[in-house]
Structure formats: C-alpha cells, structure tokens
>>> print(open('entry-v4.txt').read())   # compact mmCIF, C-alpha atoms
# COMPACT_ATOMS: atom_id res chain seq x y z
CA MET J 1 -5.06 4.04 8.83
CA LYS J 2 -1.55 4.42 7.58
CA GLU J 3 -1.80 7.66 5.61
CA ILE J 4 -3.43 9.44 8.51
CA ILE J 5 -0.74 8.09 10.82
CA HIS J 6 1.74 10.52 9.34
CA ILE J 7 -0.74 13.36 8.87
CA TYR J 8 -1.70 13.50 12.51
CA HIS J 9 1.63 12.30 13.90
CA ILE J 10 0.10 9.06 15.10
CA VAL J 11 -1.58 10.54 18.14
CA LEU J 12 -4.36 7.98 17.97
CA THR J 13 -1.94 5.06 17.91
CA MET J 14 -0.33 6.07 21.18
CA VAL J 15 -3.73 5.81 22.87
CA THR J 16 -4.71 2.49 21.33
CA TRP J 17 -1.42 0.58 21.30
CA PHE J 18 -2.31 -1.53 24.36
CA PHE J 19 -5.28 -2.94 22.46
CA ILE J 20 -3.59 -3.84 19.17
CA SER J 21 -0.63 -6.10 19.78
CA CYS J 22 -2.43 -9.10 18.28
CA ARG J 23 -5.65 -10.16 16.64
CA GLY J 24 -8.71 -9.91 18.80
CA PRO J 25 -11.99 -11.84 18.85
CA GLU J 26 -14.75 -10.45 16.74
CA ILE J 27 -18.34 -11.36 15.90
CA TYR J 28 -18.49 -13.36 12.66
CA ILE J 29 -19.79 -11.26 9.77
CA PRO J 30 -20.75 -13.31 6.71
CA ALA J 31 -19.64 -12.34 3.23
CA GLU J 32 -21.94 -10.17 1.13
CA ARG J 33 -22.25 -10.28 -2.67
CA GLU J 34 -23.31 -7.52 -4.99
CA GLN J 35 -23.50 -7.43 -8.79
CA LYS J 36 -21.40 -4.59 -10.22
CA GLY J 37 -20.07 -3.79 -13.67
CA GLU J 38 -20.04 -6.13 -16.65
CA ILE J 39 -18.71 -9.66 -17.02
CA THR J 40 -15.28 -9.63 -18.68
CA GLN J 41 -13.52 -12.73 -19.95
CA THR J 42 -9.84 -11.80 -19.84
CA LYS J 43 -6.77 -13.28 -18.17
CA ALA J 44 -7.39 -10.81 -15.31
CA VAL J 45 -9.97 -12.87 -13.46
CA GLY J 46 -10.38 -10.54 -10.50
CA PHE J 47 -8.73 -8.51 -7.76
CA TYR J 48 -8.45 -8.43 -4.00
CA LEU J 49 -8.98 -5.22 -2.02
CA LEU J 50 -7.51 -5.03 1.48
CA ASN J 51 -9.40 -2.70 3.81
CA GLU J 52 -7.11 -1.30 6.49
CA GLY J 53 -9.77 -1.01 9.19
CA ASN J 54 -9.72 1.50 12.04
CA MET J 55 -6.57 1.27 14.12
CA GLY J 56 -7.17 -0.45 17.42
CA SER J 57 -10.39 -2.14 16.29
CA ASN J 58 -9.09 -5.35 14.67
CA LYS J 59 -11.25 -4.58 11.64
CA ALA J 60 -8.95 -5.21 8.68
CA SER J 61 -10.97 -7.08 6.06
CA LEU J 62 -10.59 -8.56 2.60
CA ASP J 63 -12.91 -7.98 -0.37
CA TYR J 64 -12.78 -9.58 -3.82
CA TYR J 65 -14.11 -8.53 -7.22
CA ASP J 66 -14.77 -11.43 -9.60
CA CYS J 67 -14.48 -10.07 -13.16
CA THR J 68 -15.83 -13.31 -14.65
CA LYS J 69 -19.11 -12.90 -12.75
CA ALA J 70 -19.20 -9.12 -12.24
CA SER J 71 -19.61 -9.86 -8.54
CA TYR J 72 -18.18 -7.86 -5.63
CA ILE J 73 -17.71 -9.90 -2.44
CA ARG J 74 -17.27 -8.13 0.88
CA ASN J 75 -15.44 -9.87 3.73
CA ILE J 76 -14.35 -12.92 1.74
CA TYR J 77 -11.75 -13.90 4.35
CA ALA J 78 -14.37 -14.71 6.97
CA GLU J 79 -16.32 -16.86 4.53
CA ALA J 80 -13.22 -18.72 3.34
CA ASN J 81 -12.05 -19.38 6.90
CA PRO J 82 -15.09 -20.05 9.11
CA GLU J 83 -12.97 -22.12 11.49
CA ILE J 84 -10.88 -19.03 12.34
CA THR J 85 -12.87 -17.20 14.99
CA GLN J 86 -10.55 -14.19 15.11
CA SER J 87 -10.54 -11.32 12.64
CA LEU J 88 -8.01 -10.78 9.87
CA GLY J 89 -6.23 -8.42 12.29
CA ASP J 90 -5.41 -4.81 13.04
CA VAL J 91 -4.59 -2.48 10.11
CA GLY J 92 -4.15 -4.07 6.69
CA ASN J 93 -1.12 -2.32 5.20
CA ASP J 94 -0.22 -4.13 1.96
CA ILE J 95 -1.32 -7.04 -0.21
CA LYS J 96 0.53 -9.04 -2.85
CA ILE J 97 0.23 -12.29 -4.81
CA TYR J 98 3.34 -14.39 -5.39
CA GLY J 99 3.02 -17.76 -7.05
CA SER J 100 -0.17 -19.40 -5.81
CA ARG J 101 -0.26 -17.53 -2.52
CA LEU J 102 -1.82 -14.29 -1.33
CA TYR J 103 0.07 -12.24 1.28
CA ALA J 104 -1.66 -9.59 3.43
CA VAL J 105 0.50 -7.42 5.71
CA ILE J 106 -1.35 -6.76 8.97
CA ASN J 107 0.72 -3.96 10.45
CA CYS J 108 -0.27 -3.59 14.10
CA SER J 109 -0.96 -7.30 14.52
CA ASN J 110 2.71 -7.79 13.64
CA LEU J 111 2.14 -10.45 11.02
CA VAL J 112 1.67 -11.36 7.38
CA GLU J 113 -1.41 -13.48 6.73
CA VAL J 114 -0.66 -16.06 3.99
CA MET J 115 -3.59 -17.43 1.99
CA ASP J 116 -4.34 -19.43 -1.13
CA ALA J 117 -4.57 -16.86 -3.94
CA ALA J 118 -7.55 -18.60 -5.59
CA THR J 119 -9.67 -19.16 -2.47
CA ALA J 120 -8.35 -16.81 0.30
CA LYS J 121 -8.04 -19.91 2.48
CA HIS J 122 -5.59 -19.50 5.38
CA ILE J 123 -2.21 -21.21 4.95
CA GLY J 124 -0.02 -19.69 7.64
CA THR J 125 1.49 -16.52 9.09
CA ILE J 126 4.85 -14.76 9.21
CA GLN J 127 5.58 -12.93 12.46
CA VAL J 128 7.41 -9.60 11.99
CA PRO J 129 6.92 -6.59 14.33
CA ASN J 130 5.28 -3.46 12.94
CA CYS J 131 5.52 -4.80 9.39
CA ARG J 132 4.74 -2.51 6.47
CA TYR J 133 5.24 -3.44 2.77
CA LEU J 134 6.20 -6.45 0.63
CA THR J 135 8.07 -7.38 -2.53
CA PHE J 136 9.33 -10.71 -3.92
CA LYS J 137 12.21 -12.21 -5.91
CA ASP J 138 13.48 -15.72 -6.64
CA GLY J 139 11.36 -17.56 -4.09
CA TYR J 140 11.87 -15.05 -1.27
CA GLY J 141 9.75 -12.29 0.18
CA TYR J 142 11.15 -9.00 1.46
CA LEU J 143 9.17 -7.16 4.14
CA THR J 144 9.86 -3.76 5.70
CA SER J 145 9.57 -3.43 9.46
CA TYR J 146 9.57 -0.44 11.81
CA ALA J 147 11.13 -2.90 14.30
CA GLY J 148 9.54 -1.42 17.43
CA PRO J 149 6.03 -0.59 18.64
CA VAL J 150 3.91 2.30 17.39
CA VAL J 151 5.28 5.18 19.44
CA VAL J 152 5.97 8.67 18.11
CA ASP J 153 9.07 9.37 20.16
CA ALA J 154 12.52 9.92 18.66
CA THR J 155 14.17 8.64 21.84
CA LYS J 156 12.41 5.29 21.51
CA ALA J 157 12.42 4.86 17.72
CA GLN J 158 14.44 1.92 16.46
CA ILE J 159 16.36 1.47 13.22
CA GLY J 160 14.12 -0.33 10.77
CA TYR J 161 14.95 -3.40 8.77
CA VAL J 162 13.90 -5.59 5.87
CA ALA J 163 13.04 -9.20 6.74
CA LYS J 164 13.79 -11.78 4.06
CA PHE J 165 11.59 -14.87 4.28
CA ASP J 166 11.34 -18.17 2.43
CA THR J 167 7.99 -18.34 0.61
CA THR J 168 7.94 -22.15 0.95
CA THR J 169 8.57 -22.45 4.68
CA LEU J 170 7.34 -18.95 5.67
CA GLN J 171 10.42 -18.61 7.87
CA VAL J 172 12.51 -15.43 8.14
CA VAL J 173 16.00 -16.33 6.92
CA ASP J 174 17.80 -12.97 6.99
CA THR J 175 17.43 -9.30 7.91
CA PHE J 176 18.92 -6.09 6.48
CA HIS J 177 19.07 -2.91 8.55
CA VAL J 178 17.98 0.24 6.69
CA GLY J 179 16.79 3.65 7.95
CA PHE J 180 14.21 4.67 10.54
CA GLN J 181 10.62 3.60 9.76
CA PRO J 182 11.09 2.10 6.26
CA ASP J 183 8.06 1.94 3.98
CA GLU J 184 7.76 0.78 0.35
CA LEU J 185 10.47 -1.17 -1.43
CA GLU J 186 11.41 -2.49 -4.88
CA ILE J 187 14.05 -4.80 -6.34
CA VAL J 188 15.89 -3.78 -9.53
CA GLY J 189 18.39 -6.38 -10.69
CA THR J 190 20.32 -7.36 -7.56
CA LYS J 191 19.59 -4.15 -5.66
CA LEU J 192 16.85 -3.65 -3.10
CA TYR J 193 15.60 -0.05 -2.78
CA VAL J 194 13.82 1.01 0.43
CA ALA J 195 12.07 4.35 1.13
CA ASN J 196 12.79 5.49 4.70
CA SER J 197 10.25 7.80 6.33
CA GLY J 198 11.42 8.42 9.89
CA GLY J 199 7.76 8.93 10.73
CA TYR J 200 8.33 8.40 14.47
CA MET J 201 11.19 10.94 14.49
CA VAL J 202 9.02 14.06 14.06
CA PRO J 203 10.18 16.69 13.19
CA ASN J 204 13.54 15.12 12.25
CA TYR J 205 12.33 12.81 9.52
CA GLU J 206 14.51 10.38 7.57
CA HIS J 207 15.47 11.58 4.09
CA THR J 208 17.13 8.63 2.33
CA VAL J 209 16.45 5.66 0.11
CA SER J 210 18.51 2.71 1.33
CA VAL J 211 20.05 0.46 -1.33
CA ILE J 212 20.91 -3.12 -0.33
CA ASP J 213 23.15 -5.17 -2.63
CA LEU J 214 21.53 -8.59 -2.34
CA ASN J 215 24.75 -10.33 -3.45
CA ASN J 216 27.11 -8.99 -0.80
CA LYS J 217 24.51 -7.51 1.60
CA THR J 218 26.17 -4.09 1.67
CA ARG J 219 24.10 -0.92 2.13
CA THR J 220 24.39 2.54 0.65
CA ASN J 221 22.05 5.53 0.99
CA ILE J 222 20.66 7.94 -1.59
CA GLU J 223 19.90 11.42 -0.24
CA VAL J 224 16.43 12.51 -1.38
CA VAL J 225 14.19 14.56 0.96
CA ASN J 226 12.24 14.15 4.20
CA ASN J 227 9.56 11.56 4.97
CA LEU J 228 9.69 9.18 1.98
CA HIS J 229 6.86 6.74 1.39
CA ARG J 230 5.83 5.26 -1.99
CA LEU J 231 8.35 3.67 -4.36
CA ARG J 232 7.96 2.25 -7.91
CA ALA J 233 10.44 0.92 -10.46
CA ASP J 234 9.65 1.61 -14.13
CA GLN J 235 10.88 -0.06 -17.35
CA TYR J 236 13.56 2.58 -17.96
CA GLY J 237 15.81 1.80 -15.01
CA GLN J 238 14.25 4.49 -12.85
CA ILE J 239 12.85 4.48 -9.33
CA TRP J 240 9.99 6.87 -8.54
CA VAL J 241 9.79 7.75 -4.85
CA SER J 242 7.33 10.03 -3.09
CA SER J 243 7.73 12.28 -0.07
CA ARG J 244 4.84 13.03 2.26
CA GLY J 245 6.46 16.38 3.08
CA ASP J 246 6.55 17.72 6.63
CA TYR J 247 2.97 19.11 6.70
CA TYR J 248 4.37 22.64 7.10
CA GLY J 249 6.67 24.32 4.57
CA GLN J 250 7.87 21.25 2.70
CA PRO J 251 5.15 19.95 0.34
CA SER J 252 4.60 16.39 -0.80
CA ARG J 253 6.52 15.71 -4.04
CA LEU J 254 7.60 12.98 -6.48
CA TYR J 255 11.28 12.25 -7.19
CA CYS J 256 13.07 10.15 -9.83
CA ILE J 257 16.22 8.09 -9.16
CA ASP J 258 18.48 6.65 -11.87
CA THR J 259 19.28 3.09 -10.75
CA ASN J 260 22.48 3.04 -12.85
CA THR J 261 24.02 5.90 -10.87
CA ASP J 262 21.77 5.77 -7.78
CA GLN J 263 21.32 9.53 -7.96
CA VAL J 264 18.19 11.71 -7.91
CA ILE J 265 17.85 13.04 -11.46
CA ASP J 266 14.48 14.81 -11.44
CA SER J 267 11.41 15.85 -9.46
CA VAL J 268 7.78 16.39 -10.41
CA MET J 269 5.66 19.03 -8.69
CA THR J 270 2.73 16.94 -7.61
CA ALA J 271 1.63 15.69 -4.21
CA VAL J 272 1.44 11.91 -3.72
CA SER J 273 -0.48 9.78 -1.25
CA CYS J 274 -0.92 6.68 -3.40
CA MET J 275 0.20 5.72 -6.90
CA TRP J 276 -0.06 2.92 -9.47
CA LEU J 277 2.26 2.37 -12.44
CA ASP J 278 0.69 1.08 -15.66
CA GLY J 279 3.13 1.08 -18.59
CA ASP J 280 4.48 4.62 -18.89
CA SER J 281 1.63 6.12 -16.85
CA LEU J 282 1.95 6.72 -13.13
CA TYR J 283 -1.54 7.31 -11.70
CA ILE J 284 -1.50 9.44 -8.54
CA CYS J 285 -4.02 10.44 -5.87
CA ALA J 286 -3.12 12.84 -3.07
CA THR J 287 -4.74 13.93 0.18
CA GLU J 288 -2.31 16.55 1.48
CA PHE J 289 -2.82 18.04 4.93
CA SER J 290 -1.16 21.29 6.11
CA TYR J 291 -0.61 22.34 9.72
CA ILE J 292 -0.25 25.91 8.48
CA THR J 293 -3.75 26.18 7.00
CA TYR J 294 -5.33 23.14 8.70
CA ASP J 295 -6.80 22.35 5.30
CA THR J 296 -6.59 19.19 3.21
CA GLU J 297 -5.99 19.54 -0.52
CA ILE J 298 -7.11 16.68 -2.76
CA THR J 299 -5.44 16.29 -6.16
CA TYR J 300 -5.08 13.74 -8.94
CA ALA J 301 -2.48 13.37 -11.68
CA ILE J 302 -1.00 11.10 -14.32
CA VAL J 303 2.77 11.35 -14.84
CA ASN J 304 4.47 10.03 -17.98
CA VAL J 305 7.55 8.30 -16.54
CA LYS J 306 9.38 8.26 -19.88
CA LYS J 307 9.02 12.01 -20.47
CA HIS J 308 8.91 13.05 -16.80
CA GLU J 309 5.82 15.13 -17.57
CA ILE J 310 2.38 15.52 -16.00
CA VAL J 311 -0.16 14.33 -18.58
CA THR J 312 -3.24 15.44 -16.68
CA ARG J 313 -4.12 16.97 -13.35
CA ASN J 314 -7.40 15.10 -13.15
CA PHE J 315 -8.29 11.72 -14.64
CA ILE J 316 -11.83 11.92 -13.24
CA GLN J 317 -14.18 13.96 -15.46
CA ASP J 318 -17.52 12.73 -14.14
CA PRO J 319 -19.29 15.31 -11.92
CA THR J 320 -21.33 12.52 -10.32
CA VAL J 321 -18.19 11.02 -8.76
CA LYS J 322 -18.04 12.28 -5.18
CA ILE J 323 -14.86 11.21 -3.39
CA ASP J 324 -14.17 12.59 0.09
CA LYS J 325 -10.72 11.10 0.76
CA PRO J 326 -9.01 9.24 -2.13
CA TYR J 327 -6.96 6.53 -0.47
CA GLY J 328 -5.97 3.95 -3.07
CA VAL J 329 -5.65 3.70 -6.85
CA ALA J 330 -5.19 0.82 -9.30
CA VAL J 331 -5.50 0.27 -13.05
CA HIS J 332 -6.95 -2.87 -14.63
CA PRO J 333 -4.14 -4.46 -16.70
CA ILE J 334 -6.46 -5.34 -19.62
CA THR J 335 -9.44 -2.97 -19.70
CA LYS J 336 -7.42 -0.04 -18.26
CA ASP J 337 -10.33 0.91 -16.01
CA ILE J 338 -9.17 3.04 -13.08
CA TYR J 339 -10.15 2.01 -9.54
CA VAL J 340 -10.11 4.70 -6.85
CA THR J 341 -10.95 3.99 -3.22
CA ASP J 342 -12.59 6.52 -0.92
CA ALA J 343 -11.84 6.26 2.81
CA LYS J 344 -14.53 8.89 3.55
CA ASN J 345 -14.19 9.86 7.25
CA TYR J 346 -11.75 7.01 8.12
CA VAL J 347 -14.14 5.47 10.67
CA SER J 348 -16.97 4.08 8.51
CA THR J 349 -17.31 1.92 5.41
CA GLY J 350 -15.66 3.25 2.26
CA THR J 351 -16.42 3.19 -1.46
CA LEU J 352 -14.65 1.76 -4.49
CA TRP J 353 -15.16 3.64 -7.77
CA CYS J 354 -14.56 2.17 -11.24
CA ILE J 355 -13.64 4.95 -13.71
CA GLY J 356 -13.23 4.48 -17.46
CA GLN J 357 -10.30 5.90 -19.42
CA ASP J 358 -12.67 8.68 -20.55
CA GLY J 359 -12.93 9.79 -16.92
CA ILE J 360 -16.57 8.71 -16.59
CA ALA J 361 -17.70 6.46 -13.74
CA LYS J 362 -18.83 2.93 -14.61
CA TRP J 363 -19.88 1.78 -11.15
CA SER J 364 -19.23 2.10 -7.44
CA VAL J 365 -19.63 -0.23 -4.48
CA ARG J 366 -19.49 -0.18 -0.70
CA THR J 367 -16.31 -1.63 0.82
CA GLY J 368 -14.96 -2.28 4.30
CA ASP J 369 -13.44 0.44 6.48
CA ILE J 370 -10.59 2.42 4.84
CA PRO J 371 -10.25 0.58 1.50
CA ALA J 372 -6.64 0.90 0.41
CA HIS J 373 -4.62 -1.83 -1.29
CA ILE J 374 -5.42 -3.75 -4.49
CA CYS J 375 -3.75 -6.66 -6.28
CA PHE J 376 -5.02 -8.32 -9.46
CA ARG J 377 -5.27 -12.08 -9.86
CA LEU J 378 -4.42 -13.25 -13.37
CA THR J 379 -4.70 -16.73 -14.84
CA ASN J 380 -0.92 -16.97 -15.28
CA LYS J 381 0.51 -14.36 -12.89
CA ALA J 382 -0.33 -11.46 -10.58
CA ILE J 383 -0.22 -7.70 -10.92
CA ASN J 384 1.11 -6.19 -7.68
CA GLN J 385 2.10 -2.67 -6.65
>>> encode(input="entry-v4.txt", output="structure tokens")
Amino acid sequence: MKEIIHIYHIVLTMVTWFFISCRGPEIYIPAEREQKGEITQTKAVGFYLLNEGNMGSNKASLDYYDCTKASYIRNIYAEANPEITQSLGDVGNDIKIYGSRLYAVINCSNLVEVMDAATAKHIGTIQVPNCRYLTFKDGYGYLTSYAGPVVVDATKAQIGYVAKFDTTTLQVVDTFHVGFQPDELEIVGTKLYVANSGGYMVPNYEHTVSVIDLNNKTRTNIEVVNNLHRLRADQYGQIWVSSRGDYYGQPSRLYCIDTNTDQVIDSVMTAVSCMWLDGDSLYICATEFSYITYDTEITYAIVNVKKHEIVTRNFIQDPTVKIDKPYGVAVHPITKDIYVTDAKNYVSTGTLWCIGQDGIAKWSVRTGDIPAHICFRLTNKAINQ
C-alpha cells in the first residue's frame, strides 16, 4: 500500500515489519476468468496489472487482460506457477516488461520477481532490500532501493541507492548512492534521474532529484521541493516530477525539469498520486490527504506536456462510474482507452475501470487487493511507465 505509506506516515508498517521480511506460505487460489470488453486485434495483445496487496499479508497478486479474447484473468501467477507454493510476495510496487521478460518489484519481500512476459512463468529473482521502482537501458535494469527496513525514524533511515543489474544473469553489477528513500526513475540519454522522497525522514523530507551520469558515475542534485515521487520523461527533453506534499501546508504539485540545463522550469497546480504519459498527454489521478482537515480530496487531470497546460480537470464524464480511491492509471497505446484502478478501502478487492476517450465507461472488473501498476504487452515491444 505504497501511496498510503506516505499519507499515514507508515504507522502500519512499523507494526507489521516482523511478518514481512520474505514471502510467506499461502493457500493456493486458482485463477479466475471473466469476459470483459470487446475483442481487439492490434499489436497491443494485453496488459498485466500488479495488485499491491495489503502490507504484511503476502497478498501481492498478478492479473492479466487478454485483448485478443476480451478475457480478464485474476491471479495468473498462481496458475502459471503451480509448483511454487508461496505467494508472489508482500507489496507489489512496480511492474515492467523488458525484452521477453516481465519484472515485478515486490517491495517488502525485498525482491524482483522475474517471469516470462508471454506466460508469467517464473524465471528467477533479484534480491534488493526495500526495492521500489524499475527502468531499463542497454541490457541493464536500474532499481531504486530504500536500502534499510521499513521504519519511519530519521535516526535509522539510510541513504538510498540505485542497483544496476544484468538482465541476462539477474546479478547486481553496480550501485549508485542517491538521496533518502528514492522512488521513481528515468533515463534520458546517458543521465539517470531519480526522485528522492525522504519518506522515512518525516517531517524533514528530501527535496531533490538526483542525476547520475552513467558514463562517469558522478552525481548531481536538482533542488525541487519536498517528498518527490513520480517521474516521467517526455519527448521534448523534459522530466515531469511530482511531489506528494507534506500533508499540511505544502500541497501535492507537478514540476517540470529541463534535462538540458537540469533546472526546474515550471510547475503545474495539480495534485498527483499516479500518472501516465501518452504522447503529449499526461493523465493524472490524485488522492490527497490533509492532516489539517483530515479530509481526502480526489481529483483528475490531463496536462499537455508541450504547452504546460491543464487540458481538463476530469476525464471521467460518466455518472455511473463510482471510484472511491483512484490508485492507478494507464492509457491503451492503440485504442486510447483509459484504465483507472480503484483501491476502495485498501483492505479488500479493488476494481479496474475501462473509460473511453469520451469519458464514458466501457466496462469494469474485480481485481486483487489494491490494484496499482499496469504494463502493456505488445507483439514487438512493451509499453511501461
């Protein structure tokens, strides 16, 4: 439950840490299939959805939507790997496809589960403590790590790092120190950009994006604002980075960095919890909690990254769409359908909504607990965010 980690200062994690250091045994739950939507014959053959699962419960799970059959499959990992008696792990935090392999970051189990991208069959694991988010370049994966255990205590927090691993051998070959509690990351040219949150340093959050020169391994920092999280590179040489805010006077916001100068050049007044970049359109969902009002404000937006303008404050126009807690967003690369996940109360099964570009719902389906991260499987490549 990674968004709620920062909202509630990770109180729950301090209670459950003794139970989450590795995968735990779990009763086998067979996959379930449900017909949803219409069959589409495009190069986007389907997508995986990683459900985070409740922290401390070892309930991360993997779903798959087959566009060629209009079939939604819940818990595909268990079906693909019946010989593995343990669960996928504790807290699914990110998912990516690179080459022919599928990589799922299982945060509190301290590992990346590596699978065949076509079948979800287990291939191997990469062991990295408190791992967070992934990106890839030239045969290597780059994975952010909080380095230490889940403990909200500035005196015990450790400097985070990025682990570089060989995608052939699945061995870590190098590490790069960044800021405290690093989250999302992107590579632009030969530079690796990392959003540092400092989430365990409350109330003295981190406020920088670290920049690693992959040629000479030097590091510089870009001053942005407290508690950074999401990070996307667009086609104009810009990095878009979000701040969660401090849950008091500093609101969640979106900032733009010019990668030529490595300077913040603009900001957009919209809260951000999750975002997906499709062409010039940055789709955003936000669930912003305030300790001043003890209220949660839910907002949506589309930002034009070329013009630095908000196109709409709500891309959902259908009154029948009832979303309690928007938690993930993705856009189909061909049909441009918008997928929004609903984590509901964070302790029960969620819902995935398919919304057309007209803002009207096409279908919805039950998911695992806390549906969050989506990656599309294409016939010739993958779409990751």
>>> closest_residue(input="entry-v4.txt", among="J:His207, J:Lys325, J:Lys156, J:Arg219", to="Asp246 of chain J", atoms="all atoms listed in the file")
J:His207
>>> closest_atom_pairs(input="entry-v4.txt", of="segment 48-103 of chain J", to="segment 352-359 of chain J", cutoff="12 Å", atoms="only C-alpha atoms", output="CSV")
residue,atom,partner,partner_atom,distance
J:Tyr48,CA,J:Leu352,CA,11.9
J:Leu49,CA,J:Leu352,CA,9.3
J:Leu50,CA,J:Leu352,CA,11.5
J:Asn51,CA,J:Leu352,CA,10.8
J:Asp63,CA,J:Leu352,CA,10.7
J:Tyr64,CA,J:Leu352,CA,11.5
J:Tyr65,CA,J:Leu352,CA,10.7
J:Tyr72,CA,J:Leu352,CA,10.3
J:Arg74,CA,J:Leu352,CA,11.6
>>> residues_around(input="entry-v4.txt", residues="segment 254-271 of chain J", least_positions_apart="4", cutoff="8 Å", atoms="all atoms listed in the file", output="PyMOL selection string")
chain J and resi 188+222-224+237-244+285-288+299+301+308-310
>>> residues_near_point(input="entry-v4.txt", point="(-3.8, -22.2, 7.1)", cutoff="12 Å", atoms="all atoms listed in the file", output="list in words")
Tyr77, Ala80, Asn81, Pro82, Glu83, Ile84, Arg101, Leu102, Glu113, Val114, Met115, Asp116, Thr119, Ala120, Lys121, His122, Ile123, Gly124, Thr125, Ile126 and Leu170 of chain J
>>> closest_residue(input="entry-v4.txt", among="J:Asn93, J:Gln158, J:Thr168, J:Thr144", to="Leu185 of chain J", atoms="all atoms listed in the file")
J:Thr144
>>> residues_around(input="entry-v4.txt", residues="Ser210 of chain J", least_positions_apart="2", cutoff="6 Å", atoms="only C-alpha atoms", output="ChimeraX atom specification")
/J:178,193-194,220-221
>>> atom_distance(input="entry-v4.txt", atom1="atom CA of Thr169 of chain J", atom2="atom CA of Ile97 of chain J")
16.2 Å
